[in-house]
file coords-v4.cif (mmCIF, C-alpha atoms)
data_my_file
loop_
_atom_site.label_atom_id
_atom_site.label_comp_id
_atom_site.auth_asym_id
_atom_site.auth_seq_id
_atom_site.Cartn_x
_atom_site.Cartn_y
_atom_site.Cartn_z
CA MET A 1 -105.95 31.22 291.23
CA THR A 2 -102.27 30.41 290.84
CA ASP A 3 -99.95 31.82 293.49
CA LEU A 4 -96.85 33.17 291.79
CA LEU A 5 -95.21 34.33 295.03
CA TYR A 6 -92.10 32.50 296.16
CA SER A 7 -92.67 29.79 298.76
CA GLU A 8 -90.53 29.43 301.89
CA GLU A 9 -88.80 26.44 300.28
CA GLU A 10 -88.01 28.45 297.16
CA GLU A 11 -86.57 31.30 299.20
CA ALA A 12 -84.44 28.82 301.17
CA LEU A 13 -83.22 27.34 297.89
CA ARG A 14 -82.39 30.85 296.63
CA ALA A 15 -80.36 31.62 299.76
CA ALA A 16 -78.41 28.35 299.46
CA VAL A 17 -77.61 28.87 295.77
CA ARG A 18 -76.63 32.51 296.29
CA ASP A 19 -74.34 31.53 299.16
CA LEU A 20 -72.68 28.86 297.02
CA LEU A 21 -72.21 31.22 294.06
CA SER A 22 -70.70 33.91 296.27
CA ASP A 23 -67.93 31.40 297.04
CA HIS A 24 -67.46 30.09 293.51
CA CYS A 25 -68.51 32.79 291.04
CA ASP A 26 -67.19 36.13 292.25
CA ALA A 27 -66.91 38.74 289.49
CA PRO A 28 -63.08 38.84 289.26
CA GLY A 29 -63.03 35.05 288.99
CA VAL A 30 -65.63 34.98 286.21
CA ILE A 31 -63.79 37.73 284.29
CA ALA A 32 -60.51 35.81 284.64
CA ARG A 33 -62.18 32.67 283.29
CA THR A 34 -63.50 34.47 280.21
CA GLU A 35 -59.90 35.40 279.39
CA SER A 36 -58.71 31.79 279.69
CA ASP A 37 -59.15 28.68 277.54
CA THR A 38 -61.59 27.21 280.09
CA PRO A 39 -64.46 29.69 280.59
CA HIS A 40 -66.72 27.12 282.28
CA ASP A 41 -66.47 26.82 286.05
CA LEU A 42 -66.72 23.06 286.51
CA ALA A 43 -66.03 23.33 290.26
CA ALA A 44 -69.15 25.48 290.65
CA TRP A 45 -71.08 23.06 288.43
CA LYS A 46 -69.99 20.11 290.59
CA ALA A 47 -71.06 21.94 293.73
CA LEU A 48 -74.47 22.75 292.23
CA ALA A 49 -75.08 19.37 290.62
CA ASP A 50 -73.36 16.90 292.92
CA GLY A 51 -73.28 18.82 296.17
CA MET A 52 -76.82 20.26 296.06
CA GLY A 53 -78.49 17.90 293.59
CA LEU A 54 -79.81 20.76 291.46
CA ALA A 55 -79.09 19.18 288.07
CA GLY A 56 -81.96 16.75 288.65
CA LEU A 57 -84.67 19.18 289.76
CA LEU A 58 -86.85 18.44 286.72
CA VAL A 59 -86.32 14.67 286.81
CA PRO A 60 -88.81 12.48 288.73
CA GLU A 61 -87.44 10.74 291.80
CA ASP A 62 -88.08 7.28 290.36
CA ARG A 63 -85.78 8.19 287.46
CA GLY A 64 -82.88 9.42 289.56
CA GLY A 65 -83.83 13.07 290.06
CA GLN A 66 -85.22 15.38 292.75
CA GLY A 67 -88.82 15.40 291.53
CA ALA A 68 -89.16 19.18 291.81
CA THR A 69 -90.73 21.54 289.26
CA HIS A 70 -89.83 24.36 286.90
CA ARG A 71 -90.58 26.84 289.67
CA GLU A 72 -87.60 25.62 291.68
CA ALA A 73 -85.41 25.46 288.57
CA ALA A 74 -86.44 29.05 287.82
CA VAL A 75 -85.22 30.19 291.24
CA VAL A 76 -81.84 28.54 290.57
CA LEU A 77 -81.63 30.28 287.19
CA GLU A 78 -82.44 33.66 288.74
CA GLU A 79 -79.39 33.28 290.96
CA LEU A 80 -77.23 32.01 288.10
CA GLY A 81 -78.30 35.09 286.14
CA ARG A 82 -77.38 37.37 289.04
CA ALA A 83 -73.88 35.88 289.10
CA VAL A 84 -73.53 35.43 285.31
CA ALA A 85 -72.34 31.98 286.35
CA PRO A 86 -70.40 30.13 283.61
CA VAL A 87 -72.06 26.76 284.22
CA PRO A 88 -74.09 24.59 281.79
CA TYR A 89 -77.22 24.54 283.94
CA LEU A 90 -79.74 25.83 281.39
CA THR A 91 -78.32 23.72 278.58
CA SER A 92 -77.90 20.44 280.49
CA ALA A 93 -80.24 20.45 283.51
CA VAL A 94 -83.11 22.06 281.58
CA VAL A 95 -82.89 21.76 277.78
CA ALA A 96 -81.09 18.42 277.37
CA THR A 97 -82.97 16.95 280.33
CA GLU A 98 -86.35 18.00 278.91
CA ALA A 99 -85.46 16.40 275.57
CA LEU A 100 -84.71 13.11 277.32
CA LEU A 101 -87.91 13.31 279.37
CA ALA A 102 -89.88 13.78 276.15
CA CYS A 103 -88.28 10.65 274.68
CA ASP A 104 -89.24 8.65 277.79
CA ALA A 105 -86.29 6.38 277.16
CA GLU A 106 -82.63 5.92 278.03
CA GLY A 107 -83.20 6.01 281.78
CA GLY A 108 -79.50 5.56 282.49
CA LEU A 109 -78.50 8.68 280.60
CA LEU A 110 -81.25 10.72 282.24
CA ALA A 111 -80.07 9.63 285.69
CA GLU A 112 -76.48 10.55 284.78
CA LEU A 113 -77.55 14.05 283.74
CA ALA A 114 -79.71 14.37 286.88
CA SER A 115 -76.76 13.50 289.12
CA GLY A 116 -74.40 15.81 287.27
CA ARG A 117 -72.03 12.93 286.49
CA ARG A 118 -72.41 13.80 282.82
CA ILE A 119 -73.23 17.06 281.04
CA GLY A 120 -75.64 17.00 278.13
CA ALA A 121 -76.26 19.44 275.31
CA LEU A 122 -79.03 19.48 272.73
CA ALA A 123 -77.30 19.86 269.36
CA VAL A 124 -79.65 22.57 268.11
CA ALA A 125 -78.43 26.13 267.47
CA LEU A 126 -78.91 28.42 270.46
CA ASN A 127 -80.95 30.94 268.44
CA VAL A 128 -83.69 28.48 267.40
CA ALA A 129 -87.12 29.32 268.85
CA PRO A 130 -89.62 26.71 270.09
CA GLY A 131 -91.35 25.39 266.99
CA GLY A 132 -88.68 26.87 264.73
CA ALA A 133 -86.79 25.03 261.99
CA TYR A 134 -83.50 23.45 263.05
CA LYS A 135 -80.65 21.76 261.22
CA VAL A 136 -80.35 17.96 261.26
CA VAL A 137 -77.49 15.56 260.56
CA ARG A 138 -77.51 12.71 258.06
CA TYR A 139 -78.12 9.19 259.35
CA GLU A 140 -76.49 6.61 257.12
CA GLY A 141 -75.34 3.05 257.75
CA GLY A 142 -75.82 3.31 261.51
CA ALA A 143 -73.68 6.44 261.79
CA LEU A 144 -74.24 10.20 261.83
CA HIS A 145 -72.68 12.70 259.45
CA GLY A 146 -72.91 16.48 259.31
CA GLU A 147 -72.06 19.79 260.93
CA LEU A 148 -74.11 21.70 263.49
CA THR A 149 -73.27 25.28 264.46
CA ALA A 150 -73.90 27.58 267.44
CA ILE A 151 -74.31 24.74 269.95
CA ALA A 152 -74.19 26.26 273.44
CA ASP A 153 -71.89 24.65 276.03
CA ALA A 154 -70.82 21.92 273.58
CA ALA A 155 -67.24 22.41 274.80
CA VAL A 156 -68.03 20.82 278.17
CA ALA A 157 -70.75 18.38 277.11
CA ASP A 158 -70.11 14.67 277.66
CA VAL A 159 -73.04 13.68 275.45
CA LEU A 160 -74.77 15.50 272.59
CA LEU A 161 -78.39 14.93 271.60
CA ALA A 162 -78.44 15.26 267.83
CA PRO A 163 -81.56 15.32 265.61
CA ALA A 164 -81.16 13.37 262.37
CA ASP A 165 -82.83 13.37 258.96
CA ASP A 166 -84.65 10.10 259.71
CA GLY A 167 -86.68 11.92 262.38
CA GLY A 168 -84.84 10.42 265.32
CA LEU A 169 -82.97 12.02 268.21
CA TYR A 170 -79.61 10.35 268.85
CA ALA A 171 -77.28 10.39 271.84
CA VAL A 172 -73.67 10.85 270.69
CA ASP A 173 -70.68 10.70 273.01
CA ALA A 174 -68.61 13.87 272.86
CA ASP A 175 -65.38 11.99 272.21
CA ALA A 176 -66.87 10.73 268.92
CA VAL A 177 -67.28 14.23 267.46
CA THR A 178 -65.13 17.26 266.78
CA VAL A 179 -66.03 20.40 268.74
CA THR A 180 -64.63 23.67 267.38
CA PRO A 181 -65.15 26.87 269.42
CA GLN A 182 -66.90 29.75 267.65
CA ALA A 183 -66.55 33.44 268.38
CA SER A 184 -69.05 34.16 271.15
CA LEU A 185 -70.29 37.52 272.35
CA ASP A 186 -71.17 35.99 275.73
CA LEU A 187 -67.94 34.36 276.88
CA THR A 188 -69.70 32.81 279.90
CA ARG A 189 -71.92 30.68 277.62
CA PRO A 190 -69.68 29.89 274.62
CA VAL A 191 -71.00 28.28 271.46
CA ALA A 192 -69.23 25.82 269.18
CA THR A 193 -69.47 23.94 265.91
CA VAL A 194 -70.01 20.20 266.25
CA THR A 195 -68.79 18.02 263.38
CA LEU A 196 -70.01 14.44 263.12
CA ASP A 197 -68.01 12.29 260.71
CA GLY A 198 -69.42 8.79 261.02
CA ALA A 199 -70.15 9.17 264.73
CA PRO A 200 -72.13 6.31 266.29
CA GLY A 201 -75.42 7.32 267.90
CA ARG A 202 -78.00 5.68 270.16
CA LEU A 203 -81.59 6.31 269.13
CA LEU A 204 -83.56 7.96 271.94
CA GLY A 205 -86.90 8.67 270.29
CA ASP A 206 -88.61 11.11 267.94
CA ALA A 207 -86.67 14.34 267.52
CA GLU A 208 -89.48 16.78 266.71
CA PRO A 209 -91.55 16.58 269.93
CA ALA A 210 -88.40 16.28 272.06
CA VAL A 211 -86.77 19.37 270.51
CA ARG A 212 -90.00 21.36 270.71
CA ARG A 213 -90.48 20.55 274.41
CA ALA A 214 -86.82 21.21 275.23
CA LEU A 215 -86.74 24.59 273.49
CA ARG A 216 -90.02 25.68 275.07
CA ALA A 217 -88.71 24.89 278.54
CA GLY A 218 -85.40 26.57 277.69
CA ALA A 219 -87.13 29.73 276.49
CA GLY A 220 -89.50 29.82 279.46
CA LEU A 221 -86.80 29.42 282.11
CA LEU A 222 -84.36 31.69 280.28
CA ALA A 223 -86.72 34.50 281.34
CA SER A 224 -85.83 33.76 284.97
CA GLU A 225 -82.13 34.01 284.16
CA GLN A 226 -82.81 37.35 282.45
CA LEU A 227 -84.76 38.45 285.54
CA GLY A 228 -81.81 37.68 287.82
CA LEU A 229 -79.49 39.56 285.50
CA ALA A 230 -81.79 42.61 285.38
CA GLU A 231 -82.26 42.62 289.16
CA TRP A 232 -78.50 42.55 289.78
CA THR A 233 -77.79 45.39 287.36
CA LEU A 234 -80.55 47.54 288.85
CA THR A 235 -79.52 46.84 292.46
CA GLU A 236 -75.84 47.52 291.78
CA THR A 237 -76.61 50.69 289.84
CA VAL A 238 -78.78 52.08 292.66
CA ARG A 239 -76.05 51.23 295.21
CA TYR A 240 -73.39 52.96 293.11
CA LEU A 241 -75.49 56.08 292.52
CA LYS A 242 -76.07 56.46 296.26
CA GLU A 243 -72.30 56.51 296.85
CA ARG A 244 -71.09 58.45 293.81
CA LYS A 245 -71.19 62.22 294.32
CA GLN A 246 -71.38 65.07 291.83
CA PHE A 247 -71.59 68.74 292.86
CA ASN A 248 -71.31 67.52 296.45
CA ARG A 249 -74.50 65.43 296.35
CA PRO A 250 -75.24 61.77 295.47
CA VAL A 251 -75.78 61.30 291.74
CA GLY A 252 -78.86 59.23 292.53
CA GLY A 253 -80.50 62.32 293.99
CA PHE A 254 -80.86 64.05 290.62
CA GLN A 255 -84.43 63.98 289.30
CA ALA A 256 -83.55 62.75 285.82
CA ILE A 257 -81.63 59.80 287.26
CA LYS A 258 -84.52 58.97 289.60
CA HIS A 259 -86.91 58.83 286.65
CA ARG A 260 -84.65 56.42 284.76
CA LEU A 261 -84.30 54.14 287.77
CA ALA A 262 -88.02 54.21 288.52
CA GLN A 263 -88.81 53.21 284.93
CA LEU A 264 -86.29 50.39 285.13
CA TRP A 265 -87.72 49.18 288.43
CA LEU A 266 -91.20 48.97 286.90
CA GLU A 267 -89.86 46.96 283.98
CA VAL A 268 -88.04 44.52 286.28
CA VAL A 269 -91.14 44.03 288.44
CA ASN A 270 -93.21 43.26 285.36
CA LEU A 271 -90.52 40.88 284.12
CA ARG A 272 -90.65 39.02 287.44
CA ALA A 273 -94.40 38.47 287.00
CA ALA A 274 -93.96 37.23 283.41
CA ALA A 275 -91.04 34.94 284.28
CA ARG A 276 -92.83 33.46 287.29
CA ASN A 277 -95.95 32.88 285.23
CA ALA A 278 -93.94 31.03 282.58
CA ALA A 279 -92.21 28.83 285.18
CA ASP A 280 -95.53 28.08 286.85
CA ALA A 281 -97.21 27.19 283.53
CA LEU A 282 -94.35 24.82 282.64
CA SER A 283 -94.49 23.22 286.09
CA THR A 284 -97.85 21.60 285.30
CA GLY A 285 -96.05 19.36 282.80
CA GLU A 286 -98.87 19.74 280.27
CA TYR A 287 -96.95 21.76 277.64
CA ASP A 288 -100.31 22.91 276.34
CA GLU A 289 -101.44 26.15 274.73
CA GLU A 290 -101.50 27.92 278.10
CA ALA A 291 -97.83 27.10 278.63
CA ALA A 292 -97.02 28.20 275.07
CA VAL A 293 -98.71 31.57 275.68
CA ALA A 294 -96.95 32.07 279.03
CA VAL A 295 -93.53 31.31 277.54
CA ALA A 296 -94.09 33.56 274.52
CA VAL A 297 -95.25 36.46 276.71
CA ALA A 298 -92.27 36.06 279.05
CA GLN A 299 -89.72 35.97 276.23
CA ALA A 300 -91.35 38.79 274.27
CA TYR A 301 -90.88 40.96 277.36
CA ALA A 302 -87.71 39.59 278.97
CA ALA A 303 -85.08 40.29 276.33
CA PRO A 304 -85.71 44.07 275.94
CA VAL A 305 -85.85 44.55 279.73
CA ALA A 306 -82.63 42.63 280.43
CA VAL A 307 -80.78 44.51 277.69
CA HIS A 308 -82.19 47.86 278.85
CA ALA A 309 -81.19 47.16 282.47
CA ALA A 310 -77.64 46.23 281.46
CA GLU A 311 -77.28 49.23 279.15
CA GLU A 312 -78.51 51.61 281.86
CA ALA A 313 -76.09 50.03 284.33
CA LEU A 314 -73.20 50.58 281.95
CA GLN A 315 -74.14 54.21 281.28
CA LEU A 316 -74.97 55.17 284.86
CA HIS A 317 -71.75 53.66 286.16
CA ALA A 318 -70.08 56.20 283.84
CA GLY A 319 -66.33 55.83 283.37
CA ILE A 320 -65.86 52.90 285.71
CA GLY A 321 -68.55 50.95 283.86
CA MET A 322 -66.50 51.16 280.67
CA THR A 323 -63.55 49.31 282.21
CA TRP A 324 -62.90 45.59 281.72
CA GLU A 325 -62.33 45.16 285.47
CA HIS A 326 -65.93 46.13 286.30
CA PRO A 327 -68.30 43.16 285.77
CA VAL A 328 -71.10 45.13 284.08
CA HIS A 329 -69.77 44.17 280.63
CA LEU A 330 -70.40 40.50 281.48
CA TYR A 331 -74.05 41.29 282.13
CA LEU A 332 -74.47 43.35 278.97
CA LYS A 333 -72.97 40.58 276.83
CA ARG A 334 -75.11 37.91 278.50
CA ALA A 335 -78.23 40.08 278.08
CA LYS A 336 -77.45 40.65 274.39
CA ALA A 337 -76.76 36.96 273.77
CA ASP A 338 -79.88 35.94 275.72
CA SER A 339 -81.96 38.30 273.58
CA ILE A 340 -81.54 35.96 270.60
CA ALA A 341 -81.32 32.67 272.54
CA TYR A 342 -84.29 30.33 271.99
CA GLY A 343 -85.89 32.91 269.69
CA THR A 344 -85.90 36.70 269.57
CA ALA A 345 -88.58 38.81 271.22
CA GLY A 346 -90.03 39.42 267.76
CA ALA A 347 -90.23 35.69 267.03
CA HIS A 348 -92.05 35.12 270.30
CA ARG A 349 -94.50 37.95 269.57
CA GLU A 350 -95.27 36.34 266.22
CA ALA A 351 -95.74 32.96 267.89
CA LEU A 352 -98.01 34.54 270.49
CA ALA A 353 -100.15 36.22 267.82
CA GLU A 354 -100.53 32.90 266.02
CA THR A 355 -101.32 30.96 269.20
CA ILE A 356 -104.10 33.28 270.34
CA ASP A 357 -105.31 33.91 266.77
CA LEU A 358 -104.45 37.60 266.85
CA PRO A 359 -103.52 38.83 263.34
CA ALA A 360 -100.16 40.57 263.28
CA PRO A 361 -100.16 44.12 261.83
#
call {"tool": "encode", "arguments": {"input": "coords-v4.cif", "output": "structure tokens"}}
result
Amino acid sequence: MTDLLYSEEEEALRAAVRDLLSDHCDAPGVIARTESDTPHDLAAWKALADGMGLAGLLVPEDRGGQGATHREAAVVLEELGRAVAPVPYLTSAVVATEALLACDAEGGLLAELASGRRIGALAVALNVAPGGAYKVVRYEGGALHGELTAIADAAVADVLLAPADDGGLYAVDADAVTVTPQASLDLTRPVATVTLDGAPGRLLGDAEPAVRRALRAGAGLLASEQLGLAEWTLTETVRYLKERKQFNRPVGGFQAIKHRLAQLWLEVVNLRAAARNAADALSTGEYDEEAAVAVAVAQAYAAPVAVHAAEEALQLHAGIGMTWEHPVHLYLKRAKADSIAYGTAGAHREALAETIDLPAP
């Protein structure tokens, strides 16, 4: 039977990442970044990728990475979710990296992403679910033409992995395309439009299996980010309600509030089990039906819980929660944006019903 509990090594990794993020991604700093023209914290990314080697967790050692598994990457994402860290970890170290691993080519580019020297982004809209239809660019005369929208973290990507109409996946240098920011609800993970007007591309392999594998890993590990987000909002809300007094007693002592917090705690505990199961299933590297089921279950459950936790945090913090200075709005926006990233909960429920041959009502 699979052990989904955290190992000593995973807990040590968690402590190291949390310590680093406490130095780099404090709430006032993240809020200030969202109000600037450079929302990404590249200093924090450099510390995670270069200093700790975390960008290469999913890459085998013989290909320039750390040779770890999705379980370790999930722990990192839990902590990034807790801090709402504006770094391209999910998009580059997971999604783009998985696409390259599926192509089994371009070893130099994979090593560069693993070391953090370059940031990659899969040029597929953030809302596309694993197995879903995605937009492609036109390949003509050795160059790529077209426009792709809602590409997460394209603003800081050094290389974009673009699927084309000839069935190939191409690596395109960012300086060969035009990246135009789009209005983003979650300012810590901005999206952009990428315009290719005769951009040269290097063929990496077949797009379809690479995109499918990348999006499945992205969806599965996104659940761990949503878990970290939900845990932070619950913990901070409980702490606040112990301190805040009404009628000369802590607000958290009122029965109705206790019931709401108890319900939320149960949801977060269940989310942890689902997220850990998805990470463990992906860690086998098989990408089989079992992994597909685990990912679909995790995402069907994760989005509503993360949104609920953030909404409860906002309401139970009362007036102070409605202010821009309090970080809870960052968590609500990230939870809302995550709820449609790599497929909605409804899309994953439909995929789950199809996978296990359970007719939808």
call {"tool": "residues_around", "arguments": {"input": "coords-v4.cif", "residues": "segment 27-42 of chain A", "least_positions_apart": "3", "cutoff": "7 Å", "atoms": "all atoms listed in the file", "output": "list in words"}}
result
Trp45, Lys46, Pro86, Val87, Leu187, Thr188 and Pro327 of chain A
call {"tool": "closest_residue", "arguments": {"input": "coords-v4.cif", "among": "A:Val305, A:Ala262, A:Leu113, A:Ala341", "to": "Ala125 of chain A", "atoms": "all atoms listed in the file"}}
result
A:Ala341
call {"tool": "closest_residue", "arguments": {"input": "coords-v4.cif", "among": "A:Leu314, A:Thr344, A:Lys336, A:Leu169", "to": "Tyr301 of chain A", "atoms": "all atoms listed in the file"}}
result
A:Thr344
call {"tool": "residues_around", "arguments": {"input": "coords-v4.cif", "residues": "Trp265 of chain A", "least_positions_apart": "2", "cutoff": "12 Å", "atoms": "only C-alpha atoms", "output": "count of residues only"}}
result
26
call {"tool": "atom_distance", "arguments": {"input": "coords-v4.cif", "atom1": "atom CA of Glu286 of chain A", "atom2": "atom CA of Leu48 of chain A"}}
result
27.3 Å
call {"tool": "closest_residue", "arguments": {"input": "coords-v4.cif", "among": "A:Pro60, A:Gly65, A:Gly343, A:Gly228", "to": "Val295 of chain A", "atoms": "only C-alpha atoms"}}
result
A:Gly343
call {"tool": "atom_distance", "arguments": {"input": "coords-v4.cif", "atom1": "atom CA of His24 of chain A", "atom2": "atom CA of Pro88 of chain A"}}
result
14.5 Å
call {"tool": "residues_around", "arguments": {"input": "coords-v4.cif", "residues": "Ala47 of chain A", "least_positions_apart": "3", "cutoff": "10 Å", "atoms": "all atoms listed in the file", "output": "list of chain:residue names"}}
result
A:Val17, A:Leu20, A:Leu21, A:His24, A:Leu42, A:Ala43, A:Ala44, A:Asp50, A:Gly51, A:Met52, A:Gly53, A:Leu54, A:Gly116
call {"tool": "resolve_selection", "arguments": {"input": "coords-v4.cif", "expression": "the PyMOL selection byres ((chain A and resi 69-71) around 9)", "output": "compact mmCIF listing (two decimals) with C-alpha atoms, in the frame of the given file"}}
result
# COMPACT_ATOMS: atom_id res chain seq x y z
CA TYR A 6 -92.10 32.50 296.16
CA GLU A 10 -88.01 28.45 297.16
CA LEU A 57 -84.67 19.18 289.76
CA LEU A 58 -86.85 18.44 286.72
CA VAL A 59 -86.32 14.67 286.81
CA GLN A 66 -85.22 15.38 292.75
CA GLY A 67 -88.82 15.40 291.53
CA ALA A 68 -89.16 19.18 291.81
CA GLU A 72 -87.60 25.62 291.68
CA ALA A 73 -85.41 25.46 288.57
CA ALA A 74 -86.44 29.05 287.82
CA VAL A 75 -85.22 30.19 291.24
CA VAL A 76 -81.84 28.54 290.57
CA VAL A 94 -83.11 22.06 281.58
CA ALA A 217 -88.71 24.89 278.54
CA LEU A 221 -86.80 29.42 282.11
CA ARG A 276 -92.83 33.46 287.29
CA ALA A 278 -93.94 31.03 282.58
CA ALA A 279 -92.21 28.83 285.18
CA ASP A 280 -95.53 28.08 286.85
CA ALA A 281 -97.21 27.19 283.53
CA LEU A 282 -94.35 24.82 282.64
CA SER A 283 -94.49 23.22 286.09
CA THR A 284 -97.85 21.60 285.30
CA GLY A 285 -96.05 19.36 282.80
call {"tool": "residues_around", "arguments": {"input": "coords-v4.cif", "residues": "Cys103 of chain A", "least_positions_apart": "4", "cutoff": "7 Å", "atoms": "only C-alpha atoms", "output": "MDAnalysis selection string"}}
result
chainID A and resid 99 204:206 210
call {"tool": "atom_distance", "arguments": {"input": "coords-v4.cif", "atom1": "atom CA of Lys242 of chain A", "atom2": "atom CA of Lys333 of chain A"}}
result
25.3 Å
call {"tool": "closest_residue", "arguments": {"input": "coords-v4.cif", "among": "A:Cys25, A:Leu196, A:Leu77, A:Ala133", "to": "Leu148 of chain A", "atoms": "only C-alpha atoms"}}
result
A:Leu196
call {"tool": "resolve_selection", "arguments": {"input": "coords-v4.cif", "expression": "the PyMOL selection byres ((chain A and resi 164) around 8)", "output": "list of chain:residue names"}}
result
A:Val136, A:Val137, A:Arg138, A:Tyr139, A:Leu144, A:Ala162, A:Pro163, A:Asp165, A:Asp166, A:Gly167, A:Gly168, A:Leu169, A:Tyr170, A:Ala207
call {"tool": "closest_residue", "arguments": {"input": "coords-v4.cif", "among": "A:Tyr342, A:Ala219, A:Ala199, A:Arg14", "to": "Ala150 of chain A", "atoms": "only C-alpha atoms"}}
result
A:Tyr342
call {"tool": "resolve_selection", "arguments": {"input": "coords-v4.cif", "expression": "the PyMOL selection byres ((chain A and resi 192) around 10)", "output": "PyMOL selection string"}}
result
chain A and resi 125+148-155+178-184+190-191+193-195
